[in-house]
Structure formats: structure tokens, C-alpha cells
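Note sheet for the following structure.
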Amino acid sequence: VWPHTVAARSNRLLLVGVSYRDGNQPLRSVTYAGIPLTLLGVQNAPGNQNRVELWSLRAPAVGTANVVVNLTNARSVVGGALSFTGVEQSTPFGAFRSASDKSKTACVTLSSAGTELVASFLSANGDAKSIAVGPGQTTAWNTGTGTAGGDIRGTGTTIPGTSAAVTCQTLEKDKPWAMIAVPLKPAL
């Protein structure tokens, strides 16, 4: 549970990214101000060691309210919320992409337009130690529960869209990671 503030502007969208240590345990639900979010996508790391999930809500309530993540049996969890304005409400997303590996470099490449913004979310085992966000990305959060193997690290970032947008992050050590990214379409 954490508080999040949504600005009083038009064409609002809320994204919640959750990174956690057991890919075999999907989240039960995510709510904002008591309203359920819709699961947009998931990606497990190799061996299901960690998982990242992306949830969304169109036209979230204006003001400050709690984001509540309802867990199954997940352990070592981090997450964050990003709210946007000026997003197309009928079809807010471009093509969702995801990737996973056990390496130092975590990347997802996806098609988007120059007028779009790409949001990306990463999970990695805690013993990856740290995550450096790539150039051109704005970091919303980059945090973890610790640096042991049973811990988790997670990030949420945005980057301007391009015809082949690439969102990359660098782990300090070769460890299993999972990343998802989605372009946001501007309101016309």
C-alpha cells in the first residue's frame, strides 16, 4: 500500500508496476482509491525467479489515494505508480513488449511514434546489486528490498517514443531479469 497523487487534468491514465521475487505467484489484484486496475501484462524472468506485472486504470480519480496491491504468496515486493495526462482514452496503448534473460543488460525494443511516450518496468533478483537506467530515460523509481539473492530490485521509467524505441537498463551483476514496456498514445 502506498499513496499516489493524480493531477486534475484531462485524459488521465494510471500505470502501476510491481516487481517481486516469485514468478509462480501472480498478483490477485491492484486498486487505486478502491477502484480495480486492469492487468495489462506480465513477464517472468528465467526460472520464474522474479516477475514484473503492469496494471492500468483509465481516468483515475483526481487527488491522493492509496494504491493497494493484493498479493498471493509473493515475497520481496517493490512497486510504484505513474500517472499521465493527455493520453488517448479509447485506445491508450500501442503494442506491449516484454523480454527476459540472465545477463547484465536488460533491453526491450518496440515500435512507437515520436509523439508517444514509452513506459517500462523491470524486475531483477536482489543480488544484481544495483540497476543503472539507460540514457534518455526518466526514472520514476529504482529501488529494492536488499542485495541478497532472495531480494528484489525494480524500476519504473519513461522514454520518448521513436520508430524503434529501445529501453535498456544495466544490472551490476549477471542475474535473472524481466522487463515490460508499452507506448502511450496521445489524445487527439
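To be explicit about the labels: the chains of the C-alpha cells are called A, B, and onward in the order shown, and within each one the residues are counted from 1, while ligands get numbers from 1 in the order they are shown.
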Residues of region 75-179 of chain A at most 7 Å from region 37-46 of chain A: nearest atom pair and distance in Å, only C-alpha atoms, as a tab-separated table:
```
residue	atom	partner	partner_atom	distance
A:Ser98	CA	A:Gln43	CA	6.4
A:Ser100	CA	A:Ala45	CA	5.2
A:Asp101	CA	A:Pro46	CA	6.0
A:Lys102	CA	A:Pro46	CA	6.9
A:Pro176	CA	A:Ala45	CA	5.6
A:Trp177	CA	A:Ala45	CA	5.0
A:Ala178	CA	A:Ala45	CA	4.7
A:Met179	CA	A:Gln43	CA	6.6
```
Selection file, all heavy atoms, as an mmCIF file, in the first residue's frame:
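Saved the output as result_24.cif:
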```cif
data_model
loop_
_atom_site.group_PDB
_atom_site.id
_atom_site.type_symbol
_atom_site.label_atom_id
_atom_site.label_comp_id
_atom_site.auth_asym_id
_atom_site.auth_seq_id
_atom_site.Cartn_x
_atom_site.Cartn_y
_atom_site.Cartn_z
ATOM 1 N N SER A 98 7.771 -7.382 -24.159
ATOM 2 C CA SER A 98 8.462 -7.822 -22.954
ATOM 3 C C SER A 98 9.679 -8.656 -23.341
ATOM 4 O O SER A 98 9.800 -9.118 -24.472
ATOM 5 C CB SER A 98 7.523 -8.624 -22.057
ATOM 6 O OG SER A 98 7.113 -9.806 -22.710
ATOM 7 N N SER A 100 13.083 -11.186 -21.255
ATOM 8 C CA SER A 100 13.720 -11.671 -20.028
ATOM 9 C C SER A 100 15.022 -12.366 -20.399
ATOM 10 O O SER A 100 15.201 -12.819 -21.527
ATOM 11 C CB SER A 100 12.799 -12.621 -19.260
ATOM 12 O OG SER A 100 12.597 -13.808 -20.000
ATOM 13 N N ASP A 101 15.928 -12.456 -19.424
ATOM 14 C CA ASP A 101 17.225 -13.101 -19.656
ATOM 15 C C ASP A 101 17.959 -13.166 -18.324
ATOM 16 O O ASP A 101 17.477 -12.682 -17.306
ATOM 17 C CB ASP A 101 18.040 -12.300 -20.678
ATOM 18 C CG ASP A 101 19.136 -13.125 -21.354
ATOM 19 O OD1 ASP A 101 19.336 -14.306 -20.971
ATOM 20 O OD2 ASP A 101 19.788 -12.579 -22.259
ATOM 21 N N LYS A 102 19.141 -13.741 -18.370
ATOM 22 C CA LYS A 102 20.074 -13.695 -17.245
ATOM 23 C C LYS A 102 21.338 -13.067 -17.800
ATOM 24 O O LYS A 102 22.130 -13.723 -18.479
ATOM 25 C CB LYS A 102 20.356 -15.082 -16.685
ATOM 26 C CG LYS A 102 21.290 -15.046 -15.499
ATOM 27 C CD LYS A 102 21.615 -16.425 -14.972
ATOM 28 C CE LYS A 102 22.617 -16.289 -13.825
ATOM 29 N NZ LYS A 102 23.105 -17.585 -13.396
ATOM 30 N N PRO A 176 19.011 -13.007 -13.225
ATOM 31 C CA PRO A 176 17.749 -13.074 -13.959
ATOM 32 C C PRO A 176 16.956 -11.767 -13.843
ATOM 33 O O PRO A 176 16.866 -11.189 -12.763
ATOM 34 C CB PRO A 176 17.000 -14.226 -13.292
ATOM 35 C CG PRO A 176 18.060 -15.064 -12.665
ATOM 36 C CD PRO A 176 19.112 -14.091 -12.219
ATOM 37 N N TRP A 177 16.413 -11.347 -14.988
ATOM 38 C CA TRP A 177 15.596 -10.135 -15.023
ATOM 39 C C TRP A 177 14.400 -10.335 -15.959
ATOM 40 O O TRP A 177 14.408 -11.222 -16.808
ATOM 41 C CB TRP A 177 16.410 -8.914 -15.462
ATOM 42 C CG TRP A 177 17.071 -9.055 -16.808
ATOM 43 C CD1 TRP A 177 18.353 -9.462 -17.040
ATOM 44 C CD2 TRP A 177 16.495 -8.815 -18.098
ATOM 45 N NE1 TRP A 177 18.611 -9.492 -18.394
ATOM 46 C CE2 TRP A 177 17.490 -9.096 -19.073
ATOM 47 C CE3 TRP A 177 15.239 -8.389 -18.533
ATOM 48 C CZ2 TRP A 177 17.262 -8.965 -20.444
ATOM 49 C CZ3 TRP A 177 15.004 -8.255 -19.900
ATOM 50 C CH2 TRP A 177 16.018 -8.542 -20.838
ATOM 51 N N ALA A 178 13.392 -9.489 -15.766
ATOM 52 C CA ALA A 178 12.208 -9.458 -16.625
ATOM 53 C C ALA A 178 11.833 -8.001 -16.828
ATOM 54 O O ALA A 178 11.872 -7.210 -15.885
ATOM 55 C CB ALA A 178 11.053 -10.217 -15.984
ATOM 56 N N MET A 179 11.479 -7.641 -18.075
ATOM 57 C CA MET A 179 11.138 -6.256 -18.379
ATOM 58 C C MET A 179 9.913 -6.213 -19.296
ATOM 59 O O MET A 179 9.763 -7.062 -20.163
ATOM 60 C CB MET A 179 12.310 -5.549 -19.066
ATOM 61 C CG MET A 179 12.049 -4.101 -19.416
ATOM 62 S SD MET A 179 13.435 -3.352 -20.319
ATOM 63 C CE MET A 179 14.338 -2.655 -18.962
#
```
Gap from CA of Arg28 (chain A) to CA of Asn70 (chain A) - Å, one decimal: 5.3 Å
Counting only C-alpha atoms, which residues of region 71-139 of chain A fall within 12 Å of region 144-159 of chain A, and what is the closest atom pair for each with its distance in Å at one decimal, ordered by chain and rising number, as JSON lines?
```
{"residue": "A:Ala74", "atom": "CA", "partner": "A:Ile152", "partner_atom": "CA", "distance": 11.0}
{"residue": "A:Arg75", "atom": "CA", "partner": "A:Asp151", "partner_atom": "CA", "distance": 8.2}
{"residue": "A:Ser76", "atom": "CA", "partner": "A:Asp151", "partner_atom": "CA", "distance": 5.4}
{"residue": "A:Val77", "atom": "CA", "partner": "A:Ile152", "partner_atom": "CA", "distance": 6.6}
{"residue": "A:Val78", "atom": "CA", "partner": "A:Gly154", "partner_atom": "CA", "distance": 6.2}
{"residue": "A:Gly79", "atom": "CA", "partner": "A:Gly154", "partner_atom": "CA", "distance": 7.0}
{"residue": "A:Gly80", "atom": "CA", "partner": "A:Gly156", "partner_atom": "CA", "distance": 7.1}
{"residue": "A:Ala81", "atom": "CA", "partner": "A:Gly156", "partner_atom": "CA", "distance": 8.2}
{"residue": "A:Leu82", "atom": "CA", "partner": "A:Gly156", "partner_atom": "CA", "distance": 8.2}
{"residue": "A:Ser83", "atom": "CA", "partner": "A:Thr158", "partner_atom": "CA", "distance": 11.4}
{"residue": "A:Phe84", "atom": "CA", "partner": "A:Thr158", "partner_atom": "CA", "distance": 10.9}
{"residue": "A:Ala106", "atom": "CA", "partner": "A:Thr155", "partner_atom": "CA", "distance": 11.5}
{"residue": "A:Val108", "atom": "CA", "partner": "A:Ile159", "partner_atom": "CA", "distance": 11.9}
{"residue": "A:Thr109", "atom": "CA", "partner": "A:Ile159", "partner_atom": "CA", "distance": 11.8}
{"residue": "A:Leu110", "atom": "CA", "partner": "A:Ile159", "partner_atom": "CA", "distance": 11.7}
{"residue": "A:Ser112", "atom": "CA", "partner": "A:Ile159", "partner_atom": "CA", "distance": 10.8}
{"residue": "A:Ala113", "atom": "CA", "partner": "A:Ile159", "partner_atom": "CA", "distance": 11.7}
{"residue": "A:Gly114", "atom": "CA", "partner": "A:Ile159", "partner_atom": "CA", "distance": 10.5}
{"residue": "A:Thr115", "atom": "CA", "partner": "A:Ile159", "partner_atom": "CA", "distance": 11.2}
{"residue": "A:Glu116", "atom": "CA", "partner": "A:Ile159", "partner_atom": "CA", "distance": 9.1}
{"residue": "A:Leu117", "atom": "CA", "partner": "A:Ile159", "partner_atom": "CA", "distance": 6.0}
{"residue": "A:Val118", "atom": "CA", "partner": "A:Ile159", "partner_atom": "CA", "distance": 5.2}
{"residue": "A:Ala119", "atom": "CA", "partner": "A:Thr158", "partner_atom": "CA", "distance": 4.4}
{"residue": "A:Ser120", "atom": "CA", "partner": "A:Thr157", "partner_atom": "CA", "distance": 5.3}
{"residue": "A:Phe121", "atom": "CA", "partner": "A:Gly156", "partner_atom": "CA", "distance": 4.6}
{"residue": "A:Leu122", "atom": "CA", "partner": "A:Thr155", "partner_atom": "CA", "distance": 5.2}
{"residue": "A:Ser123", "atom": "CA", "partner": "A:Gly154", "partner_atom": "CA", "distance": 4.5}
{"residue": "A:Ala124", "atom": "CA", "partner": "A:Arg153", "partner_atom": "CA", "distance": 5.2}
{"residue": "A:Asn125", "atom": "CA", "partner": "A:Ile152", "partner_atom": "CA", "distance": 4.8}
{"residue": "A:Gly126", "atom": "CA", "partner": "A:Ile152", "partner_atom": "CA", "distance": 4.2}
{"residue": "A:Asp127", "atom": "CA", "partner": "A:Thr147", "partner_atom": "CA", "distance": 4.7}
{"residue": "A:Ala128", "atom": "CA", "partner": "A:Thr147", "partner_atom": "CA", "distance": 7.1}
{"residue": "A:Lys129", "atom": "CA", "partner": "A:Thr147", "partner_atom": "CA", "distance": 5.2}
{"residue": "A:Ser130", "atom": "CA", "partner": "A:Arg153", "partner_atom": "CA", "distance": 7.5}
{"residue": "A:Ile131", "atom": "CA", "partner": "A:Arg153", "partner_atom": "CA", "distance": 7.8}
{"residue": "A:Ala132", "atom": "CA", "partner": "A:Thr155", "partner_atom": "CA", "distance": 9.6}
{"residue": "A:Val133", "atom": "CA", "partner": "A:Thr157", "partner_atom": "CA", "distance": 8.1}
{"residue": "A:Gly134", "atom": "CA", "partner": "A:Ile159", "partner_atom": "CA", "distance": 9.5}
{"residue": "A:Pro135", "atom": "CA", "partner": "A:Ile159", "partner_atom": "CA", "distance": 9.0}
{"residue": "A:Gly136", "atom": "CA", "partner": "A:Ile159", "partner_atom": "CA", "distance": 6.2}
{"residue": "A:Gln137", "atom": "CA", "partner": "A:Ile159", "partner_atom": "CA", "distance": 4.7}
{"residue": "A:Thr138", "atom": "CA", "partner": "A:Thr158", "partner_atom": "CA", "distance": 5.2}
{"residue": "A:Thr139", "atom": "CA", "partner": "A:Thr157", "partner_atom": "CA", "distance": 4.5}
```
Selection to disk with N, CA and C atoms, as a compact mmCIF listing (two decimals), in the first residue's frame:
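Listed below is the output, out-v7.txt:
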```txt
# COMPACT_ATOMS: atom_id res chain seq x y z
N ALA A 74 3.52 -13.91 -2.83
CA ALA A 74 4.77 -13.31 -3.30
C ALA A 74 5.59 -12.80 -2.12
N ARG A 75 6.89 -12.79 -2.33
CA ARG A 75 7.79 -12.27 -1.30
C ARG A 75 8.72 -11.26 -1.95
N SER A 76 9.30 -10.40 -1.16
CA SER A 76 10.22 -9.37 -1.64
C SER A 76 9.60 -8.61 -2.80
N VAL A 77 8.77 -7.63 -2.46
CA VAL A 77 7.98 -6.90 -3.45
C VAL A 77 8.35 -5.42 -3.45
N VAL A 78 8.49 -4.83 -4.66
CA VAL A 78 8.60 -3.38 -4.81
C VAL A 78 7.67 -2.97 -5.94
N GLY A 79 7.22 -1.74 -5.89
CA GLY A 79 6.34 -1.26 -6.95
C GLY A 79 6.25 0.24 -6.93
N GLY A 80 5.56 0.76 -7.92
CA GLY A 80 5.37 2.19 -8.00
C GLY A 80 4.24 2.51 -8.96
N ALA A 81 3.85 3.76 -8.95
CA ALA A 81 2.75 4.21 -9.81
C ALA A 81 3.20 5.43 -10.62
N LEU A 82 2.73 5.48 -11.84
CA LEU A 82 2.95 6.62 -12.73
C LEU A 82 1.59 7.09 -13.23
N SER A 83 1.30 8.38 -13.11
CA SER A 83 0.07 8.89 -13.68
C SER A 83 0.42 9.86 -14.80
N PHE A 84 -0.40 9.84 -15.84
CA PHE A 84 -0.18 10.63 -17.04
C PHE A 84 -1.44 11.40 -17.37
N ALA A 106 19.55 -5.38 -19.69
CA ALA A 106 18.12 -5.67 -19.85
C ALA A 106 17.55 -4.67 -20.84
N VAL A 108 14.35 -3.86 -24.01
CA VAL A 108 13.15 -4.15 -24.79
C VAL A 108 13.13 -3.14 -25.93
N THR A 109 12.88 -3.63 -27.14
CA THR A 109 12.73 -2.78 -28.32
C THR A 109 11.29 -2.87 -28.79
N LEU A 110 10.68 -1.73 -29.09
CA LEU A 110 9.30 -1.75 -29.55
C LEU A 110 9.04 -0.59 -30.50
N SER A 112 7.01 2.55 -31.78
CA SER A 112 6.17 3.61 -31.24
C SER A 112 6.33 4.82 -32.14
N ALA A 113 5.55 5.84 -31.89
CA ALA A 113 5.63 7.07 -32.68
C ALA A 113 6.36 8.13 -31.86
N GLY A 114 6.90 9.12 -32.56
CA GLY A 114 7.62 10.19 -31.89
C GLY A 114 6.74 10.99 -30.95
N THR A 115 5.43 10.94 -31.13
CA THR A 115 4.51 11.67 -30.26
C THR A 115 4.13 10.86 -29.03
N GLU A 116 4.55 9.61 -28.97
CA GLU A 116 4.20 8.73 -27.85
C GLU A 116 5.28 8.76 -26.77
N LEU A 117 4.92 8.29 -25.61
CA LEU A 117 5.84 8.11 -24.50
C LEU A 117 5.85 6.62 -24.19
N VAL A 118 7.03 6.05 -23.95
CA VAL A 118 7.13 4.63 -23.64
C VAL A 118 7.40 4.48 -22.14
N ALA A 119 6.57 3.67 -21.47
CA ALA A 119 6.77 3.36 -20.06
C ALA A 119 7.34 1.96 -19.96
N SER A 120 8.36 1.78 -19.12
CA SER A 120 8.96 0.44 -18.97
C SER A 120 9.16 0.13 -17.49
N PHE A 121 9.13 -1.18 -17.20
CA PHE A 121 9.19 -1.67 -15.83
C PHE A 121 10.09 -2.90 -15.80
N LEU A 122 10.97 -2.97 -14.81
CA LEU A 122 11.97 -4.03 -14.73
C LEU A 122 11.94 -4.68 -13.36
N SER A 123 12.14 -5.99 -13.33
CA SER A 123 12.40 -6.70 -12.07
C SER A 123 13.70 -7.47 -12.24
N ALA A 124 14.46 -7.57 -11.16
CA ALA A 124 15.71 -8.35 -11.16
C ALA A 124 15.94 -8.88 -9.75
N ASN A 125 16.61 -10.01 -9.67
CA ASN A 125 16.96 -10.55 -8.36
C ASN A 125 17.78 -9.51 -7.58
N GLY A 126 17.61 -9.50 -6.28
CA GLY A 126 18.29 -8.52 -5.44
C GLY A 126 19.80 -8.56 -5.54
N ASP A 127 20.36 -9.75 -5.78
CA ASP A 127 21.81 -9.84 -5.85
C ASP A 127 22.38 -9.32 -7.17
N ALA A 128 21.52 -8.72 -8.01
CA ALA A 128 22.02 -7.93 -9.15
C ALA A 128 22.70 -6.67 -8.61
N LYS A 129 22.46 -6.37 -7.35
CA LYS A 129 23.04 -5.28 -6.56
C LYS A 129 22.46 -3.91 -6.89
N SER A 130 22.61 -3.44 -8.13
CA SER A 130 22.08 -2.13 -8.50
C SER A 130 21.66 -2.16 -9.97
N ILE A 131 20.85 -1.18 -10.35
CA ILE A 131 20.39 -1.04 -11.73
C ILE A 131 20.67 0.39 -12.18
N ALA A 132 21.38 0.52 -13.31
CA ALA A 132 21.62 1.84 -13.91
C ALA A 132 20.66 2.00 -15.08
N VAL A 133 19.88 3.06 -15.04
CA VAL A 133 18.90 3.33 -16.09
C VAL A 133 19.62 3.93 -17.30
N GLY A 134 19.19 3.53 -18.50
CA GLY A 134 19.84 3.95 -19.73
C GLY A 134 19.64 5.41 -20.07
N PRO A 135 20.40 5.91 -21.06
CA PRO A 135 20.31 7.32 -21.45
C PRO A 135 18.94 7.67 -22.02
N GLY A 136 18.51 8.90 -21.73
CA GLY A 136 17.25 9.40 -22.25
C GLY A 136 16.04 8.99 -21.47
N GLN A 137 16.21 8.12 -20.46
CA GLN A 137 15.08 7.66 -19.67
C GLN A 137 14.90 8.52 -18.42
N THR A 138 13.65 8.72 -18.04
CA THR A 138 13.33 9.39 -16.79
C THR A 138 12.93 8.34 -15.78
N THR A 139 13.56 8.34 -14.63
CA THR A 139 13.32 7.32 -13.62
C THR A 139 12.22 7.77 -12.66
```
Mind checking DSSP for region 1-150 of chain A and telling me the strand (DSSP E) residues as a ChimeraX atom specification? /A:2-6,13-20,29-32,35-36,38-44,51-58,63-70,77-84,97-110,117-125,131-133,138-144
Measure the distance from CA of Asn24 (chain A) to CA of Cys107 (chain A) in Å and round it to one decimal.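 Computing it gives 22.7 Å between the two atoms.
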